[in-house]
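Text of data_19.tsv, listed as TSV, C-alpha atoms:
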chain	number	residue	atom	x	y	z
A	76	MET	CA	60.12	109.43	67.77
A	77	PRO	CA	62.85	107.85	69.94
A	78	PRO	CA	63.50	109.50	73.28
A	79	ALA	CA	66.33	112.01	73.41
A	80	ALA	CA	69.65	110.63	74.61
A	81	PRO	CA	70.58	111.70	78.14
A	82	PRO	CA	73.10	114.56	78.28
A	83	ARG	CA	76.72	113.44	78.29
A	84	PRO	CA	78.33	113.99	81.69
A	85	ARG	CA	80.83	116.82	81.98
A	86	PRO	CA	84.39	115.50	81.59
A	87	ILE	CA	86.26	115.09	84.85
A	88	ARG	CA	89.30	117.37	84.97
A	89	CYS	CA	92.41	115.36	85.84
A	90	GLU	CA	95.93	116.71	86.18
A	91	ILE	CA	98.65	114.07	86.64
A	92	VAL	CA	101.40	115.26	89.00
A	93	TYR	CA	104.09	112.75	88.11
A	94	HIS	CA	107.59	111.83	89.21
A	95	VAL	CA	107.89	108.18	88.08
A	96	VAL	CA	107.23	106.10	84.96
A	97	ARG	CA	107.66	102.69	86.56
A	98	PRO	CA	105.60	99.66	85.49
A	99	HIS	CA	103.58	99.76	88.72
A	100	VAL	CA	101.90	103.02	87.63
A	101	SER	CA	101.33	102.04	83.98
A	102	GLN	CA	97.78	100.78	84.59
A	103	LEU	CA	96.81	104.12	86.14
A	104	PHE	CA	98.30	106.17	83.29
A	105	THR	CA	96.71	103.83	80.73
A	106	GLY	CA	93.29	104.17	82.33
A	107	LEU	CA	93.51	107.96	82.30
A	108	GLU	CA	94.60	108.00	78.64
A	109	LEU	CA	91.72	105.74	77.61
A	110	LEU	CA	89.19	107.84	79.53
A	111	ALA	CA	90.57	110.99	77.88
A	112	ALA	CA	90.22	109.38	74.44
A	113	ALA	CA	86.59	108.50	75.30
A	114	GLY	CA	85.87	112.12	76.27
A	115	LEU	CA	85.15	111.28	79.91
A	116	VAL	CA	88.28	112.97	81.25
A	117	ARG	CA	89.99	116.24	80.37
A	118	LEU	CA	93.60	115.28	80.98
A	119	SER	CA	96.69	117.38	81.65
A	120	GLN	CA	99.92	116.75	83.50
A	121	ARG	CA	102.95	118.36	85.08
A	122	ARG	CA	106.11	117.15	86.74
A	123	MET	CA	106.09	117.21	90.53
A	124	ARG	CA	107.82	120.30	91.89
A	125	PRO	CA	110.81	119.79	94.23
A	126	ALA	CA	108.89	121.14	97.23
A	127	GLU	CA	106.02	118.72	96.56
A	128	PHE	CA	108.46	115.86	96.12
A	129	ASP	CA	110.20	116.63	99.42
A	130	ALA	CA	106.91	117.05	101.33
A	131	ILE	CA	105.87	113.43	100.74
A	132	VAL	CA	108.10	110.43	101.32
A	133	PRO	CA	109.38	109.79	97.76
A	134	TRP	CA	108.05	106.31	97.24
A	135	ARG	CA	108.75	105.07	93.75
A	136	GLU	CA	105.28	103.67	93.07
A	137	HIS	CA	102.90	106.53	93.71
A	138	VAL	CA	101.23	109.24	91.61
A	139	THR	CA	99.16	112.26	92.62
A	140	VAL	CA	96.25	113.27	90.39
A	141	LEU	CA	94.27	116.48	90.87
A	142	VAL	CA	90.68	115.43	90.13
A	143	ASP	CA	88.26	118.36	89.71
A	144	GLY	CA	90.49	120.23	92.15
A	145	ARG	CA	90.68	117.39	94.68
A	146	ARG	CA	94.05	115.86	95.53
A	147	VAL	CA	93.95	112.11	94.91
A	148	PHE	CA	96.87	109.90	95.88
A	149	TYR	CA	97.41	106.56	94.12
A	150	ASP	CA	99.68	104.24	96.10
A	151	LEU	CA	100.76	101.25	93.99
A	152	HIS	CA	103.47	100.14	96.44
A	153	ASP	CA	103.59	96.40	97.22
A	154	GLY	CA	103.45	96.72	101.00
A	155	GLY	CA	100.48	97.50	103.21
A	156	ASP	CA	101.93	100.55	104.97
A	157	ILE	CA	100.22	103.90	104.38
A	158	ASN	CA	102.09	107.08	103.46
A	159	ALA	CA	101.02	109.15	106.46
A	160	ALA	CA	101.99	112.53	104.98
A	161	ALA	CA	100.01	111.85	101.80
A	162	ALA	CA	97.00	110.48	103.68
A	163	ALA	CA	96.91	113.60	105.87
A	164	THR	CA	96.93	116.04	102.94
A	165	CYS	CA	94.91	114.30	100.18
A	166	ASP	CA	91.17	114.17	99.60
A	167	ALA	CA	91.19	110.50	98.55
A	168	TYR	CA	93.85	107.79	98.80
A	169	PHE	CA	93.73	104.60	96.70
A	170	LYS	CA	95.86	101.81	98.07
A	171	ARG	CA	96.92	98.75	96.06
A	172	SER	CA	97.73	96.59	99.12
A	173	TYR	CA	94.72	97.64	101.18
A	174	ASP	CA	94.40	96.43	104.77
A	175	ALA	CA	91.83	98.33	106.83
A	176	ALA	CA	93.52	97.24	110.07
A	177	ARG	CA	96.69	99.17	109.15
A	178	ILE	CA	94.93	102.48	108.48
A	179	THR	CA	94.74	104.99	111.32
A	180	PRO	CA	91.17	106.07	112.21
A	181	GLY	CA	91.91	109.73	111.44
A	182	VAL	CA	92.39	109.06	107.72
A	183	ALA	CA	90.41	105.82	107.25
A	184	SER	CA	87.50	107.55	105.50
A	185	ARG	CA	89.86	108.79	102.76
A	186	VAL	CA	91.60	105.48	102.05
A	187	HIS	CA	90.05	103.05	99.57
A	188	PRO	CA	91.18	99.82	97.89
A	189	TYR	CA	92.68	100.41	94.45
A	190	GLY	CA	92.28	96.89	93.10
A	191	LEU	CA	94.37	94.44	91.11
A	192	ASN	CA	97.49	95.99	89.61
A	193	TYR	CA	99.56	94.86	86.61
A	194	GLU	CA	101.72	96.33	83.85
A	195	VAL	CA	99.62	97.41	80.87
A	196	TYR	CA	99.77	100.13	78.18
A	197	PRO	CA	97.13	101.69	75.87
A	198	GLY	CA	98.49	100.30	72.59
A	199	ARG	CA	98.93	103.73	71.03
A	200	LEU	CA	101.56	106.40	71.55
A	201	SER	CA	100.70	109.47	73.60
A	202	TRP	CA	102.64	112.72	73.65
A	203	ARG	CA	101.97	112.84	77.39
A	204	GLU	CA	103.75	109.52	77.84
A	205	LEU	CA	106.79	110.77	75.91
A	206	ALA	CA	106.82	114.00	77.92
A	207	ARG	CA	106.77	112.08	81.21
A	208	ILE	CA	109.66	109.89	80.11
A	209	ALA	CA	111.69	112.91	79.00
A	210	ARG	CA	111.16	114.93	82.19
A	211	VAL	CA	110.63	112.37	84.93
A	212	ARG	CA	112.75	112.14	88.10
A	213	ASP	CA	113.61	108.47	87.70
A	214	ASP	CA	116.78	106.51	87.03
A	215	ALA	CA	118.18	106.15	83.52
A	216	ALA	CA	117.49	102.41	83.18
A	217	VAL	CA	113.82	102.87	84.06
A	218	ARG	CA	113.50	105.73	81.57
A	219	ARG	CA	115.16	103.72	78.80
A	220	ARG	CA	112.80	100.80	79.36
A	221	ALA	CA	109.78	103.12	79.40
A	222	LEU	CA	110.88	104.72	76.11
A	223	VAL	CA	111.32	101.32	74.43
A	224	LEU	CA	107.81	100.29	75.49
A	225	ALA	CA	106.31	103.61	74.44
A	226	LEU	CA	107.80	103.42	70.95
A	227	GLY	CA	107.03	99.70	70.73
A	228	GLN	CA	103.31	100.53	70.76
A	229	VAL	CA	103.61	101.99	67.26
A	230	ALA	CA	106.15	99.53	65.83
A	231	PRO	CA	104.99	97.27	62.97
A	232	PRO	CA	103.69	93.92	64.29
A	233	GLY	CA	106.50	91.48	64.97
A	234	LEU	CA	109.28	94.03	64.50
A	235	GLY	CA	109.30	95.85	67.82
A	236	PRO	CA	109.53	94.66	71.42
A	237	PHE	CA	106.56	92.95	73.00
A	238	VAL	CA	104.38	95.51	74.77
A	239	PRO	CA	101.73	94.39	77.30
A	240	THR	CA	98.77	96.38	76.00
A	241	VAL	CA	95.09	96.23	76.91
A	242	ARG	CA	94.51	94.04	73.85
A	243	THR	CA	97.46	91.66	74.28
A	244	MET	CA	96.83	91.25	78.01
A	245	SER	CA	93.14	90.28	77.86
A	246	ALA	CA	91.06	87.45	76.43
A	247	PRO	CA	87.49	86.13	76.67
A	248	PRO	CA	86.71	82.88	78.50
A	249	SER	CA	87.72	79.67	76.72
A	250	PRO	CA	85.85	76.96	78.62
A	251	ASP	CA	86.50	74.34	75.93
A	252	ALA	CA	90.29	74.76	76.08
A	253	PRO	CA	92.28	71.78	77.40
A	254	PRO	CA	92.73	72.11	81.19
A	255	ARG	CA	96.46	72.78	81.16
A	256	VAL	CA	98.05	74.40	84.22
A	257	LEU	CA	100.57	77.30	84.32
A	258	PHE	CA	102.78	78.44	87.19
A	259	ALA	CA	105.91	80.32	86.06
A	260	VAL	CA	107.43	82.08	89.05
A	261	ARG	CA	110.44	83.93	90.48
A	262	ALA	CA	112.71	83.01	93.39
A	263	TRP	CA	113.65	86.06	95.47
A	264	ASP	CA	117.21	86.35	96.80
A	265	PRO	CA	117.28	87.98	100.26
A	266	ALA	CA	121.01	88.68	99.89
A	267	GLY	CA	120.19	91.32	97.31
A	268	ASN	CA	118.38	93.36	99.98
A	269	PRO	CA	120.81	93.98	102.87
A	270	GLY	CA	118.27	96.06	104.81
A	271	LEU	CA	116.03	93.08	105.56
A	272	THR	CA	115.52	92.01	109.17
A	273	PRO	CA	116.07	88.34	110.14
A	274	VAL	CA	112.29	87.87	110.22
A	275	GLN	CA	111.99	89.30	106.71
A	276	VAL	CA	114.83	87.12	105.44
A	277	GLU	CA	113.07	84.02	106.75
A	278	TYR	CA	109.81	85.22	105.15
A	279	TRP	CA	111.56	85.44	101.76
A	280	HIS	CA	113.07	81.98	102.23
A	281	GLU	CA	109.71	80.44	103.10
A	282	LEU	CA	108.03	82.21	100.18
A	283	ASN	CA	110.60	80.58	97.85
A	284	ARG	CA	110.26	77.18	99.53
A	285	MET	CA	106.47	77.27	99.21
A	286	ARG	CA	106.71	78.04	95.51
A	287	ALA	CA	109.19	75.20	95.03
A	288	ARG	CA	106.94	72.74	96.88
A	289	CYS	CA	104.02	73.70	94.64
A	290	VAL	CA	106.09	73.30	91.46
A	291	ARG	CA	107.29	69.83	92.49
A	292	ALA	CA	103.84	68.65	93.56
A	293	LEU	CA	102.10	69.95	90.44
A	294	ARG	CA	104.70	68.35	88.17
A	295	ALA	CA	104.33	65.03	89.93
A	296	GLU	CA	100.53	65.11	89.70
A	297	PHE	CA	99.87	66.55	86.24
A	298	GLY	CA	102.99	65.72	84.25
A	299	PRO	CA	102.95	67.27	80.74
A	300	ALA	CA	99.64	69.04	81.47
A	301	PHE	CA	101.57	71.29	83.88
A	302	LEU	CA	104.05	73.95	82.77
A	303	GLY	CA	105.89	75.82	85.47
A	304	GLY	CA	108.93	76.42	87.58
A	305	PHE	CA	111.39	79.12	88.57
A	306	MET	CA	112.92	81.56	86.12
A	307	HIS	CA	116.61	80.75	85.57
A	308	THR	CA	118.57	82.99	87.92
A	309	PRO	CA	121.82	82.10	89.70
A	310	TYR	CA	119.96	82.05	93.02
A	311	ALA	CA	117.18	79.76	91.75
A	312	ALA	CA	119.65	77.44	90.02
A	313	ARG	CA	121.68	77.14	93.22
A	314	HIS	CA	118.81	76.53	95.62
A	315	PHE	CA	116.06	74.93	93.49
A	316	PRO	CA	117.70	73.18	90.53
A	317	ASP	CA	114.89	70.60	90.36
A	318	ALA	CA	112.18	73.29	90.21
A	319	LEU	CA	113.42	75.45	87.32
A	320	LEU	CA	111.45	76.11	84.16
A	321	ALA	CA	112.35	73.51	81.56
A	322	ASP	CA	113.08	76.34	79.13
A	323	ASP	CA	113.94	79.80	80.44
A	324	THR	CA	112.64	81.48	77.28
A	325	MET	CA	109.18	80.76	78.71
A	326	ALA	CA	109.80	83.63	81.14
A	327	ALA	CA	110.19	86.22	78.35
A	328	LYS	CA	107.07	88.40	78.33
A	329	ARG	CA	106.00	87.65	74.75
A	330	ARG	CA	106.30	83.89	75.29
A	331	TYR	CA	104.72	84.04	78.74
A	332	VAL	CA	101.64	85.88	77.45
A	333	ALA	CA	101.28	83.31	74.66
A	334	LEU	CA	101.37	80.60	77.33
A	335	LEU	CA	98.67	82.45	79.30
A	336	HIS	CA	96.41	82.17	76.26
A	337	ASP	CA	97.12	78.42	75.99
A	338	HIS	CA	96.65	77.43	79.65
A	339	ALA	CA	93.15	77.42	81.11
A	340	ILE	CA	94.27	77.25	84.76
A	341	GLY	CA	96.72	79.58	86.50
A	342	VAL	CA	98.35	79.16	89.92
A	343	ALA	CA	99.23	82.20	92.06
A	344	THR	CA	101.15	82.50	95.31
A	345	THR	CA	101.65	85.38	97.73
A	346	GLY	CA	104.19	88.03	96.72
A	347	LEU	CA	106.74	90.01	98.69
A	348	HIS	CA	105.26	91.98	101.60
A	349	GLY	CA	102.28	89.63	101.37
A	350	SER	CA	101.23	91.49	98.24
A	351	THR	CA	98.77	90.33	95.60
A	352	GLY	CA	101.04	90.00	92.58
A	353	TRP	CA	100.56	91.06	88.98
A	354	LYS	CA	100.16	87.38	88.09
A	355	LEU	CA	96.67	87.27	89.63
A	356	ALA	CA	95.58	90.37	87.71
A	357	GLU	CA	96.92	88.86	84.48
A	358	TYR	CA	95.01	85.62	85.07
A	359	VAL	CA	91.80	87.61	85.66
A	360	ALA	CA	92.40	89.73	82.53
A	361	MET	CA	92.87	86.53	80.54
A	362	SER	CA	89.66	84.99	81.98
A	363	ARG	CA	91.56	82.03	83.41
A	364	ALA	CA	90.42	79.66	86.16
A	365	ILE	CA	92.63	80.38	89.17
A	366	VAL	CA	94.07	78.61	92.19
A	367	SER	CA	95.68	80.96	94.72
A	368	GLU	CA	97.05	81.24	98.22
A	369	PRO	CA	94.79	83.32	100.53
A	370	LEU	CA	94.79	87.02	99.65
A	371	GLU	CA	96.19	89.16	102.45
A	372	TYR	CA	94.80	92.42	101.07
A	373	ALA	CA	91.24	93.44	100.24
A	374	LEU	CA	89.95	94.03	96.73
A	375	PRO	CA	86.88	96.00	95.61
A	376	GLY	CA	83.87	94.45	93.93
A	377	GLY	CA	83.50	91.20	95.86
A	378	PHE	CA	86.44	89.25	94.45
A	379	ALA	CA	85.92	86.02	96.39
A	380	ALA	CA	87.33	82.57	97.03
A	381	GLY	CA	85.07	79.92	95.54
A	382	THR	CA	83.83	82.24	92.79
A	383	HIS	CA	86.91	83.84	91.27
A	384	TYR	CA	89.57	81.46	92.59
A	385	LEU	CA	90.05	78.35	94.68
A	386	GLN	CA	92.15	78.85	97.78
A	387	PHE	CA	95.02	76.72	99.12
A	388	ALA	CA	97.46	76.90	102.03
A	389	THR	CA	99.79	73.94	101.33
A	390	ALA	CA	101.28	72.30	98.25
A	391	ASP	CA	98.97	69.30	98.70
A	392	GLU	CA	95.95	71.64	98.84
A	393	CYS	CA	97.25	73.38	95.72
A	394	VAL	CA	97.24	70.07	93.85
A	395	ALA	CA	93.76	69.22	95.14
A	396	ARG	CA	92.30	72.59	94.07
A	397	VAL	CA	93.89	72.34	90.64
A	398	ARG	CA	92.55	68.79	90.34
A	399	SER	CA	89.05	70.15	91.03
A	400	LEU	CA	89.35	72.55	88.11
A	401	VAL	CA	90.93	69.99	85.80
A	402	ASP	CA	88.17	67.43	86.45
A	403	ASP	CA	85.16	69.77	86.60
A	404	ALA	CA	84.63	71.56	83.28
A	405	GLY	CA	81.53	73.32	84.63
A	406	LEU	CA	83.39	74.79	87.60
A	407	ARG	CA	86.20	75.87	85.29
A	408	ALA	CA	83.78	77.59	82.91
A	409	ARG	CA	81.88	79.39	85.68
A	410	MET	CA	85.12	80.72	87.13
A	411	MET	CA	86.36	81.91	83.73
A	412	HIS	CA	83.12	83.82	83.15
A	413	ALA	CA	83.20	85.29	86.67
A	414	ASN	CA	86.75	86.52	86.15
A	415	HIS	CA	85.91	87.97	82.76
A	416	ALA	CA	83.06	89.95	84.31
A	417	TYR	CA	85.29	91.08	87.18
A	418	TYR	CA	87.95	92.22	84.70
A	419	ASP	CA	85.44	94.33	82.77
A	420	ALA	CA	84.16	95.99	85.94
A	421	HIS	CA	87.23	96.28	88.17
A	422	VAL	CA	90.55	95.50	86.42
A	423	ARG	CA	90.33	96.89	82.88
A	424	PRO	CA	92.34	100.14	83.18
A	425	ASP	CA	89.61	102.56	82.10
A	426	ALA	CA	86.99	100.88	84.30
A	427	LEU	CA	89.28	100.72	87.34
A	428	VAL	CA	90.36	104.35	87.08
A	429	LEU	CA	86.84	105.64	86.38
A	430	ARG	CA	85.63	103.90	89.55
A	431	THR	CA	88.30	105.73	91.56
A	432	LEU	CA	87.39	109.07	89.96
A	433	HIS	CA	83.72	108.60	90.84
A	434	ILE	CA	84.69	107.86	94.44
A	435	ALA	CA	87.04	110.85	94.58
A	436	THR	CA	84.45	113.25	93.16
A	437	GLN	CA	81.45	111.53	94.78
A	438	ARG	CA	79.84	111.31	91.35
A	439	THR	CA	77.22	108.71	90.48
A	440	PRO	CA	78.24	106.76	87.37
A	441	ALA	CA	76.03	107.66	84.40
A	442	GLY	CA	75.29	104.61	82.27
A	443	PRO	CA	77.69	101.81	81.43
A	444	GLU	CA	81.40	102.34	81.81
A	445	PRO	CA	83.32	102.70	78.54
A	446	ALA	CA	84.75	99.73	76.75
A	447	VAL	CA	88.21	99.93	75.26
A	448	ALA	CA	88.02	100.39	71.51

Could I get this structure in the form of structure tokens?
Amino acid sequence: MPPAAPPRPRPIRCEIVYHVVRPHVSQLFTGLELLAAAGLVRLSQRRMRPAEFDAIVPWREHVTVLVDGRRVFYDLHDGGDINAAAAATCDAYFKRSYDAARITPGVASRVHPYGLNYEVYPGRLSWRELARIARVRDDAAVRRRALVLALGQVAPPGLGPFVPTVRTMSAPPSPDAPPRVLFAVRAWDPAGNPGLTPVQVEYWHELNRMRARCVRALRAEFGPAFLGGFMHTPYAARHFPDALLADDTMAAKRRYVALLHDHAIGVATTGLHGSTGWKLAEYVAMSRAIVSEPLEYALPGGFAAGTHYLQFATADECVARVRSLVDDAGLRARMMHANHAYYDAHVRPDALVLRTLHIATQRTPAGPEPAVA
């Protein structure tokens, strides 16, 4: 007689206290929905009350979740600064751009790295998602976009908008794929942000210049095996006309994701505020081999240079690291498999969120984490 199956753990009670439906928080909401569907979470939600909203600086990219009665704060903001009011009143704080040096000692034990963040949806419509969109305190354009994406998840294939779902935004390793290189990127216009200091303006300019140098160097070295450049904006066309994408339709999400599937190697550079951009998370989810600038913020689970990505600091180093991956099929394959494993453990929305819930409740994970059906 086979041994009896271990008892199923009690579902974790989670109440979302929401005030935004922005893409930054989609991974969190998706993870909670998938865990609820798997029976590991008992999920409810309510809109943040005005007094709660006023008590915490109203950042646009944060969500509070009450987890078995504990207040858990998810901070998906690009920058490394900590919301002091939230950190002082929560039981656990998960920070996307996590830098231990910027966390005051009094709250350091509550603050944990969230992990790689990107826009992703469950692939099925949820009444909770519709309720959030209908009642959220967010601007009309954001709500319209969220509604289109929500309804797009149930549209017939090919008829609705492209929606970045768990299925469309992930792929297994493809070590036998031709070693083509992808680096589609944005140029940021400092003039659109009048509150920037002179130091910040120069940071934005150098970020754009670095991206342009990489595009030019990669084109010169790899020719048709490289696809990349700036999206076509007036600012990019004015300042970097020789570094634009050959075809701006490549920047459309549906086309870009198709290109991710067809390019074995992805290049990533530092984002605004020194952030780790969605691009890196997307490369990991797609099991790509990666070349990246140094990461300024810490990630959980031992995501490391040399294993999950090759690191560069100049355009010439970028070319050299890409050349290593192009020429060494074994290195490329090992990195793809390492990133696939890291995605399953630390980036897949249900796995990422379940890890945070275990930390917040101090539970020991029971058995393997759920796989998305």

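Going from CA of Gly352 (chain A) over to CA of Ile340 (chain A), you cover 16.4 Å.
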
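Closest approach to Pro250 (chain A) among A:Leu151, A:Arg291, A:Pro309, A:Val401 is made by A:Val401 (distances from all atoms listed in the file).
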
Any idea what the distance is between CA of Phe305 (chain A) and CA of Thr105 (chain A)? 29.8 Å

Would you mind listing what lies within 12 Å of Thr308 (chain A) as a ChimeraX atom specification, with only C-alpha atoms counted and same-chain residues fewer than 6 positions away left out? /A:260-264,314-316,318-320,323,326

Report the distance between CA of Pro125 (chain A) and CA of Thr139 (chain A) in Å, rounded to one decimal place. 14.0 Å

A:Ala364, A:Leu257, A:Ala395, A:Val229 ranked by distance to Arg409 (chain A), top pick (using all atoms listed in the file): A:Ala364

Please identify all polymer residues within 12 Å of Ala321 (chain A), counting all atoms listed in the file, omitting same-chain residues fewer than 2 positions from it, and present them as an mmCIF file with C-alpha atoms, keeping the file's coordinate frame.
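So the final result, stored in part_35.cif, reads:
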data_model
loop_
_atom_site.group_PDB
_atom_site.id
_atom_site.type_symbol
_atom_site.label_atom_id
_atom_site.label_comp_id
_atom_site.auth_asym_id
_atom_site.auth_seq_id
_atom_site.Cartn_x
_atom_site.Cartn_y
_atom_site.Cartn_z
ATOM 1 C CA ALA A 259 105.910 80.320 86.060
ATOM 2 C CA VAL A 290 106.090 73.300 91.460
ATOM 3 C CA ARG A 294 104.700 68.350 88.170
ATOM 4 C CA PRO A 299 102.950 67.270 80.740
ATOM 5 C CA PHE A 301 101.570 71.290 83.880
ATOM 6 C CA LEU A 302 104.050 73.950 82.770
ATOM 7 C CA GLY A 303 105.890 75.820 85.470
ATOM 8 C CA GLY A 304 108.930 76.420 87.580
ATOM 9 C CA PHE A 305 111.390 79.120 88.570
ATOM 10 C CA MET A 306 112.920 81.560 86.120
ATOM 11 C CA HIS A 307 116.610 80.750 85.570
ATOM 12 C CA ALA A 312 119.650 77.440 90.020
ATOM 13 C CA PRO A 316 117.700 73.180 90.530
ATOM 14 C CA ASP A 317 114.890 70.600 90.360
ATOM 15 C CA ALA A 318 112.180 73.290 90.210
ATOM 16 C CA LEU A 319 113.420 75.450 87.320
ATOM 17 C CA ASP A 323 113.940 79.800 80.440
ATOM 18 C CA THR A 324 112.640 81.480 77.280
ATOM 19 C CA MET A 325 109.180 80.760 78.710
ATOM 20 C CA ALA A 326 109.800 83.630 81.140
#

Contacts of Arg122 (chain A) at 7 Å or less, counting only C-alpha atoms, minus same-chain residues fewer than 5 places along, as an NGL selection string? :A and (92-94 or 211)

Keeping only C-alpha atoms, take the residues you just selected and write them out as a tab-separated table (two decimals), in the frame of the given file.
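The new file result19.tsv reads:
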chain	number	residue	atom	x	y	z
A	92	VAL	CA	101.40	115.26	89.00
A	93	TYR	CA	104.09	112.75	88.11
A	94	HIS	CA	107.59	111.83	89.21
A	211	VAL	CA	110.63	112.37	84.93

With distances taken over all atoms listed in the file, which residue among A:Ser399, A:Ser119, A:Ser350, A:Thr344 lies nearest Asp174 (chain A)? A:Ser350

Calculated over only C-alpha atoms, which of the candidates A:Ser201, A:Arg398, A:Tyr384, A:Leu427 has the smallest distance to Ala413 (chain A)? A:Tyr384

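Residue nearest Pro248 (chain A) within the list A:His137, A:Arg396, A:His412, A:Arg313: A:His412 [criterion: smallest interatomic distance, only C-alpha atoms].
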
Option closest in space to Leu429 (chain A), from A:Gly106, A:Pro232, A:Gly381, A:Gly144 [counting all atoms listed in the file]: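 Smallest distance to Leu429 (chain A) is found for A:Gly106.
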
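With all atoms listed in the file taken into account, the protein and nucleic acid residues at most 6 Å from region 184-200 of chain A (excluding it and anything under 6 positions from it in its own chain) are Pro98, Ser101, Gln102, Thr105, Ala167, Tyr168, Phe169, Lys170, Arg171, Tyr173, Gln228, Pro239, Thr240, Val241, Trp353, Ala356 and Leu374 of chain A.
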
Given the point (89.5, 110.4, 83.1) in the file's coordinates, find the residues that have an atom at most 12 Å from it, counting only C-alpha atoms, and give them as a ChimeraX atom specification. /A:84-91,103-119,140-143,424-433,435-436,444-445

Which residues of region 341-410 of chain A come within 8 Å of region 277-283 of chain A, and for each one, what is the closest pair of atoms and their distance in Å to one decimal, counting only C-alpha atoms, sorted by chain and residue number, as CSV?
residue,atom,partner,partner_atom,distance
A:Thr345,CA,A:Leu282,CA,7.5
A:Gly346,CA,A:Leu282,CA,7.8
A:Leu347,CA,A:Trp279,CA,7.3
